[in-house]
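Note: the block below is entry39.cif and it holds mmCIF, N, CA and C atoms.
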```cif
data_upload
#
loop_
_atom_site.group_PDB
_atom_site.id
_atom_site.type_symbol
_atom_site.label_atom_id
_atom_site.label_comp_id
_atom_site.auth_asym_id
_atom_site.auth_seq_id
_atom_site.Cartn_x
_atom_site.Cartn_y
_atom_site.Cartn_z
ATOM 1 N N MET A 20 48.245 49.430 17.824
ATOM 2 C CA MET A 20 49.225 48.923 18.762
ATOM 3 C C MET A 20 50.383 49.907 18.943
ATOM 4 N N GLU A 21 50.751 50.598 17.870
ATOM 5 C CA GLU A 21 51.837 51.572 17.976
ATOM 6 C C GLU A 21 51.471 52.692 18.942
ATOM 7 N N THR A 22 50.215 53.087 18.940
ATOM 8 C CA THR A 22 49.771 54.153 19.837
ATOM 9 C C THR A 22 49.896 53.719 21.291
ATOM 10 N N ILE A 23 49.598 52.470 21.566
ATOM 11 C CA ILE A 23 49.706 51.960 22.932
ATOM 12 C C ILE A 23 51.158 51.982 23.401
ATOM 13 N N ILE A 24 52.075 51.560 22.538
ATOM 14 C CA ILE A 24 53.493 51.547 22.890
ATOM 15 C C ILE A 24 54.015 52.963 23.112
ATOM 16 N N ILE A 25 53.618 53.887 22.254
ATOM 17 C CA ILE A 25 54.054 55.276 22.412
ATOM 18 C C ILE A 25 53.496 55.856 23.705
ATOM 19 N N PHE A 26 52.218 55.598 23.954
ATOM 20 C CA PHE A 26 51.589 56.101 25.174
ATOM 21 C C PHE A 26 52.241 55.492 26.413
ATOM 22 N N ALA A 27 52.586 54.213 26.355
ATOM 23 C CA ALA A 27 53.271 53.557 27.480
ATOM 24 C C ALA A 27 54.624 54.213 27.730
ATOM 25 N N GLY A 28 55.318 54.565 26.674
ATOM 26 C CA GLY A 28 56.602 55.246 26.837
ATOM 27 C C GLY A 28 56.468 56.605 27.481
ATOM 28 N N VAL A 29 55.408 57.305 27.140
ATOM 29 C CA VAL A 29 55.184 58.636 27.701
ATOM 30 C C VAL A 29 54.860 58.550 29.192
ATOM 31 N N ILE A 30 53.978 57.630 29.582
ATOM 32 C CA ILE A 30 53.586 57.579 30.991
ATOM 33 C C ILE A 30 54.565 56.779 31.849
ATOM 34 N N SER A 31 55.521 56.109 31.222
ATOM 35 C CA SER A 31 56.472 55.334 32.021
ATOM 36 C C SER A 31 57.377 56.227 32.857
ATOM 37 N N VAL A 32 57.592 57.450 32.420
ATOM 38 C CA VAL A 32 58.404 58.391 33.212
ATOM 39 C C VAL A 32 57.730 58.654 34.554
ATOM 40 N N LEU A 33 56.441 58.905 34.524
ATOM 41 C CA LEU A 33 55.691 59.134 35.754
ATOM 42 C C LEU A 33 55.621 57.859 36.590
ATOM 43 N N THR A 34 55.481 56.729 35.933
ATOM 44 C CA THR A 34 55.414 55.455 36.649
ATOM 45 C C THR A 34 56.723 55.166 37.368
ATOM 46 N N VAL A 35 57.846 55.393 36.721
ATOM 47 C CA VAL A 35 59.151 55.178 37.360
ATOM 48 C C VAL A 35 59.295 56.082 38.582
ATOM 49 N N ALA A 36 58.890 57.332 38.446
ATOM 50 C CA ALA A 36 59.004 58.270 39.568
ATOM 51 C C ALA A 36 58.136 57.826 40.743
ATOM 52 N N LEU A 37 56.913 57.413 40.467
ATOM 53 C CA LEU A 37 56.028 56.980 41.550
ATOM 54 C C LEU A 37 56.521 55.699 42.213
ATOM 55 N N VAL A 38 57.038 54.775 41.428
ATOM 56 C CA VAL A 38 57.560 53.525 42.000
ATOM 57 C C VAL A 38 58.762 53.813 42.886
ATOM 58 N N GLN A 39 59.629 54.714 42.468
ATOM 59 C CA GLN A 39 60.776 55.062 43.295
ATOM 60 C C GLN A 39 60.341 55.763 44.576
ATOM 61 N N LEU A 40 59.300 56.584 44.491
ATOM 62 C CA LEU A 40 58.764 57.228 45.684
ATOM 63 C C LEU A 40 58.220 56.187 46.661
ATOM 64 N N ILE A 41 57.521 55.209 46.145
ATOM 65 C CA ILE A 41 56.998 54.134 46.998
ATOM 66 C C ILE A 41 58.148 53.337 47.608
ATOM 67 N N LYS A 42 59.160 53.069 46.808
ATOM 68 C CA LYS A 42 60.312 52.294 47.281
ATOM 69 C C LYS A 42 61.028 53.007 48.431
ATOM 70 N N LYS A 43 61.164 54.315 48.329
ATOM 71 C CA LYS A 43 61.914 55.079 49.333
ATOM 72 C C LYS A 43 61.105 55.365 50.586
ATOM 73 N N THR A 44 59.776 55.421 50.469
ATOM 74 C CA THR A 44 58.968 55.835 51.608
ATOM 75 C C THR A 44 58.264 54.692 52.326
ATOM 76 N N THR A 45 58.271 53.507 51.761
ATOM 77 C CA THR A 45 57.602 52.372 52.407
ATOM 78 C C THR A 45 58.597 51.236 52.599
ATOM 79 N N THR A 46 58.152 50.199 53.260
ATOM 80 C CA THR A 46 59.001 49.023 53.479
ATOM 81 C C THR A 46 58.464 47.830 52.701
ATOM 82 N N VAL A 47 58.141 48.055 51.440
ATOM 83 C CA VAL A 47 57.670 46.963 50.582
ATOM 84 C C VAL A 47 58.874 46.081 50.251
ATOM 85 N N PRO A 48 58.743 44.765 50.405
ATOM 86 C CA PRO A 48 59.863 43.873 50.075
ATOM 87 C C PRO A 48 60.231 43.969 48.586
ATOM 88 N N ASP A 49 61.511 43.797 48.302
ATOM 89 C CA ASP A 49 61.986 43.901 46.920
ATOM 90 C C ASP A 49 61.321 42.887 45.998
ATOM 91 N N LYS A 50 60.941 41.741 46.543
ATOM 92 C CA LYS A 50 60.293 40.720 45.716
ATOM 93 C C LYS A 50 58.945 41.183 45.185
ATOM 94 N N LEU A 51 58.291 42.080 45.903
ATOM 95 C CA LEU A 51 56.963 42.539 45.502
ATOM 96 C C LEU A 51 56.985 43.798 44.647
ATOM 97 N N MET A 52 58.140 44.400 44.456
ATOM 98 C CA MET A 52 58.203 45.658 43.719
ATOM 99 C C MET A 52 57.746 45.544 42.262
ATOM 100 N N PRO A 53 58.036 44.462 41.535
ATOM 101 C CA PRO A 53 57.473 44.377 40.181
ATOM 102 C C PRO A 53 55.945 44.377 40.179
ATOM 103 N N LEU A 54 55.337 43.745 41.160
ATOM 104 C CA LEU A 54 53.876 43.739 41.257
ATOM 105 C C LEU A 54 53.356 45.131 41.611
ATOM 106 N N VAL A 55 54.020 45.796 42.537
ATOM 107 C CA VAL A 55 53.652 47.172 42.885
ATOM 108 C C VAL A 55 53.810 48.075 41.670
ATOM 109 N N SER A 56 54.879 47.866 40.923
ATOM 110 C CA SER A 56 55.124 48.653 39.725
ATOM 111 C C SER A 56 54.017 48.445 38.686
ATOM 112 N N LEU A 57 53.571 47.213 38.539
ATOM 113 C CA LEU A 57 52.474 46.918 37.612
ATOM 114 C C LEU A 57 51.204 47.655 38.035
ATOM 115 N N PHE A 58 50.867 47.603 39.317
ATOM 116 C CA PHE A 58 49.664 48.275 39.789
ATOM 117 C C PHE A 58 49.768 49.790 39.669
ATOM 118 N N VAL A 59 50.945 50.334 39.914
ATOM 119 C CA VAL A 59 51.133 51.778 39.747
ATOM 120 C C VAL A 59 50.959 52.155 38.278
ATOM 121 N N GLY A 60 51.501 51.347 37.379
ATOM 122 C CA GLY A 60 51.326 51.608 35.952
ATOM 123 C C GLY A 60 49.867 51.547 35.530
ATOM 124 N N LEU A 61 49.142 50.550 36.034
ATOM 125 C CA LEU A 61 47.708 50.463 35.734
ATOM 126 C C LEU A 61 46.962 51.678 36.268
ATOM 127 N N LEU A 62 47.347 52.128 37.463
ATOM 128 C CA LEU A 62 46.712 53.303 38.053
ATOM 129 C C LEU A 62 46.986 54.557 37.218
ATOM 130 N N VAL A 63 48.224 54.716 36.780
ATOM 131 C CA VAL A 63 48.567 55.878 35.957
ATOM 132 C C VAL A 63 47.817 55.816 34.627
ATOM 133 N N GLY A 64 47.713 54.624 34.048
ATOM 134 C CA GLY A 64 46.954 54.472 32.811
ATOM 135 C C GLY A 64 45.484 54.803 32.996
ATOM 136 N N ALA A 65 44.924 54.405 34.141
ATOM 137 C CA ALA A 65 43.521 54.706 34.418
ATOM 138 C C ALA A 65 43.306 56.195 34.666
ATOM 139 N N ILE A 66 44.243 56.822 35.367
ATOM 140 C CA ILE A 66 44.124 58.263 35.619
ATOM 141 C C ILE A 66 44.244 59.039 34.319
ATOM 142 N N ALA A 67 45.053 58.540 33.391
ATOM 143 C CA ALA A 67 45.229 59.222 32.107
ATOM 144 C C ALA A 67 43.933 59.263 31.300
ATOM 145 N N LEU A 68 42.982 58.403 31.636
ATOM 146 C CA LEU A 68 41.687 58.434 30.949
ATOM 147 C C LEU A 68 40.951 59.747 31.159
ATOM 148 N N VAL A 69 41.115 60.341 32.321
ATOM 149 C CA VAL A 69 40.357 61.546 32.650
ATOM 150 C C VAL A 69 41.149 62.836 32.467
ATOM 151 N N VAL A 70 42.389 62.728 32.043
ATOM 152 C CA VAL A 70 43.203 63.924 31.801
ATOM 153 C C VAL A 70 43.244 64.168 30.294
ATOM 154 N N PRO A 71 42.500 65.144 29.822
ATOM 155 C CA PRO A 71 42.395 65.329 28.362
ATOM 156 C C PRO A 71 43.697 65.762 27.694
ATOM 157 N N GLU A 72 44.616 66.354 28.438
ATOM 158 C CA GLU A 72 45.862 66.816 27.829
ATOM 159 C C GLU A 72 46.784 65.671 27.438
ATOM 160 N N ILE A 73 46.706 64.548 28.152
ATOM 161 C CA ILE A 73 47.626 63.455 27.854
ATOM 162 C C ILE A 73 46.938 62.223 27.287
ATOM 163 N N THR A 74 45.654 62.278 27.121
ATOM 164 C CA THR A 74 44.954 61.103 26.624
ATOM 165 C C THR A 74 45.144 60.958 25.117
ATOM 166 N N ALA A 75 45.182 59.759 24.683
ATOM 167 C CA ALA A 75 45.306 59.462 23.260
ATOM 168 C C ALA A 75 43.968 58.896 22.781
ATOM 169 N N ASP A 76 43.887 58.561 21.521
ATOM 170 C CA ASP A 76 42.666 57.961 20.989
ATOM 171 C C ASP A 76 42.667 56.475 21.292
ATOM 172 N N LEU A 77 42.644 56.154 22.568
ATOM 173 C CA LEU A 77 42.673 54.766 23.007
ATOM 174 C C LEU A 77 41.421 54.452 23.807
ATOM 175 N N SER A 78 41.057 53.207 23.800
ATOM 176 C CA SER A 78 39.936 52.765 24.618
ATOM 177 C C SER A 78 40.401 52.601 26.062
ATOM 178 N N VAL A 79 39.476 52.233 26.918
ATOM 179 C CA VAL A 79 39.826 51.984 28.314
ATOM 180 C C VAL A 79 40.844 50.850 28.402
ATOM 181 N N GLY A 80 40.614 49.793 27.645
ATOM 182 C CA GLY A 80 41.551 48.672 27.623
ATOM 183 C C GLY A 80 42.922 49.070 27.105
ATOM 184 N N GLY A 81 42.955 49.949 26.118
ATOM 185 C CA GLY A 81 44.227 50.440 25.590
ATOM 186 C C GLY A 81 45.003 51.232 26.619
ATOM 187 N N HIS A 82 44.284 52.063 27.377
ATOM 188 C CA HIS A 82 44.929 52.830 28.444
ATOM 189 C C HIS A 82 45.484 51.904 29.520
ATOM 190 N N LEU A 83 44.693 50.912 29.911
ATOM 191 C CA LEU A 83 45.158 49.989 30.953
ATOM 192 C C LEU A 83 46.319 49.134 30.457
ATOM 193 N N LEU A 84 46.274 48.724 29.202
ATOM 194 C CA LEU A 84 47.381 47.954 28.647
ATOM 195 C C LEU A 84 48.660 48.790 28.607
ATOM 196 N N ALA A 85 48.528 50.033 28.183
ATOM 197 C CA ALA A 85 49.695 50.928 28.170
ATOM 198 C C ALA A 85 50.214 51.155 29.585
ATOM 199 N N GLY A 86 49.308 51.281 30.553
ATOM 200 C CA GLY A 86 49.720 51.439 31.946
ATOM 201 C C GLY A 86 50.437 50.210 32.470
ATOM 202 N N GLY A 87 49.926 49.024 32.128
ATOM 203 C CA GLY A 87 50.583 47.782 32.541
ATOM 204 C C GLY A 87 51.967 47.642 31.924
ATOM 205 N N ILE A 88 52.074 48.001 30.666
ATOM 206 C CA ILE A 88 53.375 47.946 29.988
ATOM 207 C C ILE A 88 54.341 48.931 30.647
ATOM 208 N N SER A 89 53.858 50.120 30.958
ATOM 209 C CA SER A 89 54.751 51.107 31.581
ATOM 210 C C SER A 89 55.164 50.672 32.982
ATOM 211 N N GLY A 90 54.260 50.026 33.701
ATOM 212 C CA GLY A 90 54.602 49.543 35.037
ATOM 213 C C GLY A 90 55.645 48.452 35.007
ATOM 214 N N LEU A 91 55.478 47.509 34.114
ATOM 215 C CA LEU A 91 56.459 46.425 34.014
ATOM 216 C C LEU A 91 57.793 46.927 33.482
ATOM 217 N N SER A 92 57.745 47.855 32.541
ATOM 218 C CA SER A 92 59.009 48.385 32.030
ATOM 219 C C SER A 92 59.693 49.268 33.062
ATOM 220 N N ALA A 93 58.917 49.910 33.922
ATOM 221 C CA ALA A 93 59.511 50.774 34.954
ATOM 222 C C ALA A 93 60.374 49.966 35.907
ATOM 223 N N SER A 94 59.889 48.810 36.324
ATOM 224 C CA SER A 94 60.702 48.010 37.246
ATOM 225 C C SER A 94 61.928 47.450 36.539
ATOM 226 N N GLY A 95 61.778 47.063 35.304
ATOM 227 C CA GLY A 95 62.910 46.526 34.554
ATOM 228 C C GLY A 95 63.933 47.585 34.208
ATOM 229 N N LEU A 96 63.474 48.767 33.823
ATOM 230 C CA LEU A 96 64.394 49.842 33.459
ATOM 231 C C LEU A 96 65.227 50.286 34.653
ATOM 232 N N TYR A 97 64.612 50.366 35.816
ATOM 233 C CA TYR A 97 65.356 50.784 37.002
ATOM 234 C C TYR A 97 66.399 49.728 37.374
ATOM 235 N N ASP A 98 66.020 48.458 37.311
ATOM 236 C CA ASP A 98 66.973 47.392 37.640
ATOM 237 C C ASP A 98 68.150 47.390 36.675
ATOM 238 N N ILE A 99 67.879 47.573 35.402
ATOM 239 C CA ILE A 99 68.956 47.603 34.412
ATOM 240 C C ILE A 99 69.881 48.790 34.670
ATOM 241 N N ALA A 100 69.306 49.943 34.966
ATOM 242 C CA ALA A 100 70.123 51.138 35.193
ATOM 243 C C ALA A 100 71.007 50.987 36.425
ATOM 244 N N THR A 101 70.461 50.446 37.511
ATOM 245 C CA THR A 101 71.267 50.328 38.729
ATOM 246 C C THR A 101 72.334 49.250 38.589
ATOM 247 N N LYS A 102 72.005 48.142 37.955
ATOM 248 C CA LYS A 102 72.997 47.083 37.789
ATOM 249 C C LYS A 102 74.086 47.495 36.823
ATOM 250 N N THR A 103 73.753 48.227 35.777
ATOM 251 C CA THR A 103 74.757 48.704 34.840
ATOM 252 C C THR A 103 75.663 49.725 35.522
ATOM 253 N N ASN A 104 75.074 50.594 36.304
ATOM 254 C CA ASN A 104 75.853 51.603 37.025
ATOM 255 C C ASN A 104 76.809 50.925 38.007
ATOM 256 N N ARG A 105 76.342 49.901 38.711
ATOM 257 C CA ARG A 105 77.220 49.164 39.629
ATOM 258 C C ARG A 105 78.340 48.478 38.866
ATOM 259 N N GLY A 106 78.024 47.965 37.691
ATOM 260 C CA GLY A 106 79.046 47.300 36.871
ATOM 261 C C GLY A 106 80.124 48.260 36.441
ATOM 262 N N PHE A 107 79.758 49.493 36.093
ATOM 263 C CA PHE A 107 80.738 50.495 35.705
ATOM 264 C C PHE A 107 81.617 50.882 36.890
ATOM 265 N N LYS A 108 81.026 50.976 38.076
ATOM 266 C CA LYS A 108 81.803 51.335 39.262
ATOM 267 C C LYS A 108 82.772 50.229 39.637
ATOM 268 N N ASP A 109 82.365 48.963 39.432
ATOM 269 C CA ASP A 109 83.248 47.840 39.755
ATOM 270 C C ASP A 109 84.444 47.770 38.825
ATOM 271 N N THR A 110 84.276 48.140 37.554
ATOM 272 C CA THR A 110 85.376 48.054 36.597
ATOM 273 C C THR A 110 86.343 49.228 36.726
ATOM 274 N N GLU A 111 85.917 50.314 37.368
ATOM 275 C CA GLU A 111 86.798 51.473 37.533
ATOM 276 C C GLU A 111 87.848 51.247 38.612
ATOM 277 N N LYS A 112 87.649 50.308 39.492
ATOM 278 C CA LYS A 112 88.577 50.095 40.609
ATOM 279 C C LYS A 112 89.862 49.481 40.172
#
```
Please express the file's structure as structure tokens.
Amino acid sequence: METIIIFAGVISVLTVALVQLIKKTTTVPDKLMPLVSLFVGLLVGAIALVVPEITADLSVGGHLLAGGISGLSASGLYDIATKTNRGFKDTEK
């Protein structure tokens, strides 16, 4: 399980970048972004299966689970960062 969490942390950087790219280039409603983020994470986890440089000793299910975790954390991490940043700007006034 520790390997899955570590692997999810590693691929979450790519997942966050891809989700932000989708957010900026498409007109996906904000309500659907967590679902889009989950699918992007699953896709990144699946692609990591065929890239020997970043693959870990995980099964297919382990890769997909790590991808799902990274996708869900990507949407949450971005929301936390933007809301915290807005909070800091509001208190500076």
### Query
If the PyMOL selection byres ((chain A and resi 59-70) around 7) is run on the structure shown, which residues does it catch, given as number ranges by chain?
A: 34, 38, 54-58, 71-75, 82-91
### Query
When the PyMOL selection byres ((chain A and resi 22) around 8) is applied to the file above, which residues end up in the set, as a list in words?
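After applying the PyMOL selection byres ((chain A and resi 22) around 8), what remains is Met20, Glu21, Ile23, Ile24, Ile25, Phe26, Ala27, Gly28, Ala75, Asp76, Leu77, Gly81 and Ala85 of chain A.
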Those selected residues, please, written with N, CA and C atoms and delivered as an mmCIF file, in the coordinates of the input.
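result.cif was written with the following content:
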```
data_model
loop_
_atom_site.group_PDB
_atom_site.id
_atom_site.type_symbol
_atom_site.label_atom_id
_atom_site.label_comp_id
_atom_site.auth_asym_id
_atom_site.auth_seq_id
_atom_site.Cartn_x
_atom_site.Cartn_y
_atom_site.Cartn_z
ATOM 1 N N MET A 20 48.245 49.430 17.824
ATOM 2 C CA MET A 20 49.225 48.923 18.762
ATOM 3 C C MET A 20 50.383 49.907 18.943
ATOM 4 N N GLU A 21 50.751 50.598 17.870
ATOM 5 C CA GLU A 21 51.837 51.572 17.976
ATOM 6 C C GLU A 21 51.471 52.692 18.942
ATOM 7 N N ILE A 23 49.598 52.470 21.566
ATOM 8 C CA ILE A 23 49.706 51.960 22.932
ATOM 9 C C ILE A 23 51.158 51.982 23.401
ATOM 10 N N ILE A 24 52.075 51.560 22.538
ATOM 11 C CA ILE A 24 53.493 51.547 22.890
ATOM 12 C C ILE A 24 54.015 52.963 23.112
ATOM 13 N N ILE A 25 53.618 53.887 22.254
ATOM 14 C CA ILE A 25 54.054 55.276 22.412
ATOM 15 C C ILE A 25 53.496 55.856 23.705
ATOM 16 N N PHE A 26 52.218 55.598 23.954
ATOM 17 C CA PHE A 26 51.589 56.101 25.174
ATOM 18 C C PHE A 26 52.241 55.492 26.413
ATOM 19 N N ALA A 27 52.586 54.213 26.355
ATOM 20 C CA ALA A 27 53.271 53.557 27.480
ATOM 21 C C ALA A 27 54.624 54.213 27.730
ATOM 22 N N GLY A 28 55.318 54.565 26.674
ATOM 23 C CA GLY A 28 56.602 55.246 26.837
ATOM 24 C C GLY A 28 56.468 56.605 27.481
ATOM 25 N N ALA A 75 45.182 59.759 24.683
ATOM 26 C CA ALA A 75 45.306 59.462 23.260
ATOM 27 C C ALA A 75 43.968 58.896 22.781
ATOM 28 N N ASP A 76 43.887 58.561 21.521
ATOM 29 C CA ASP A 76 42.666 57.961 20.989
ATOM 30 C C ASP A 76 42.667 56.475 21.292
ATOM 31 N N LEU A 77 42.644 56.154 22.568
ATOM 32 C CA LEU A 77 42.673 54.766 23.007
ATOM 33 C C LEU A 77 41.421 54.452 23.807
ATOM 34 N N GLY A 81 42.955 49.949 26.118
ATOM 35 C CA GLY A 81 44.227 50.440 25.590
ATOM 36 C C GLY A 81 45.003 51.232 26.619
ATOM 37 N N ALA A 85 48.528 50.033 28.183
ATOM 38 C CA ALA A 85 49.695 50.928 28.170
ATOM 39 C C ALA A 85 50.214 51.155 29.585
#
```
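Atom pair atom CA of A:Leu40 / atom CA of A:Val79: separated by 26.2 Å.
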### Task
Record the distance separating atom CA of A:Gly80 and atom N of A:Ile99, expressed in Å with one decimal.
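Computing the Euclidean distance for atom CA of A:Gly80 and atom N of A:Ile99 yields 27.5 Å.
Across the structure, atom CA of A:Leu37 and atom CA of A:Ser78 are spaced 23.7 Å apart.
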### Hits from the PyMOL selection byres (((chain A and resi 39 and name CA) around 12) and name CA), listed as JSON, numbers by chain
{"A": [32, 33, 34, 35, 36, 37, 38, 40, 41, 42, 43, 44, 45, 46, 47, 49, 52, 53, 55, 56, 59, 90, 93, 94, 96, 97, 98]}
Return as AutoDock Vina command-line options the box centre and box size in Å, one decimal, for an axis-aligned box around all listed atoms of stretch 29-39 of chain A padded by 8 Å per side.
```
--center_x 57.2 --center_y 56.3 --center_z 35.9 --size_x 23.2 --size_y 21.6 --size_z 33.4
```
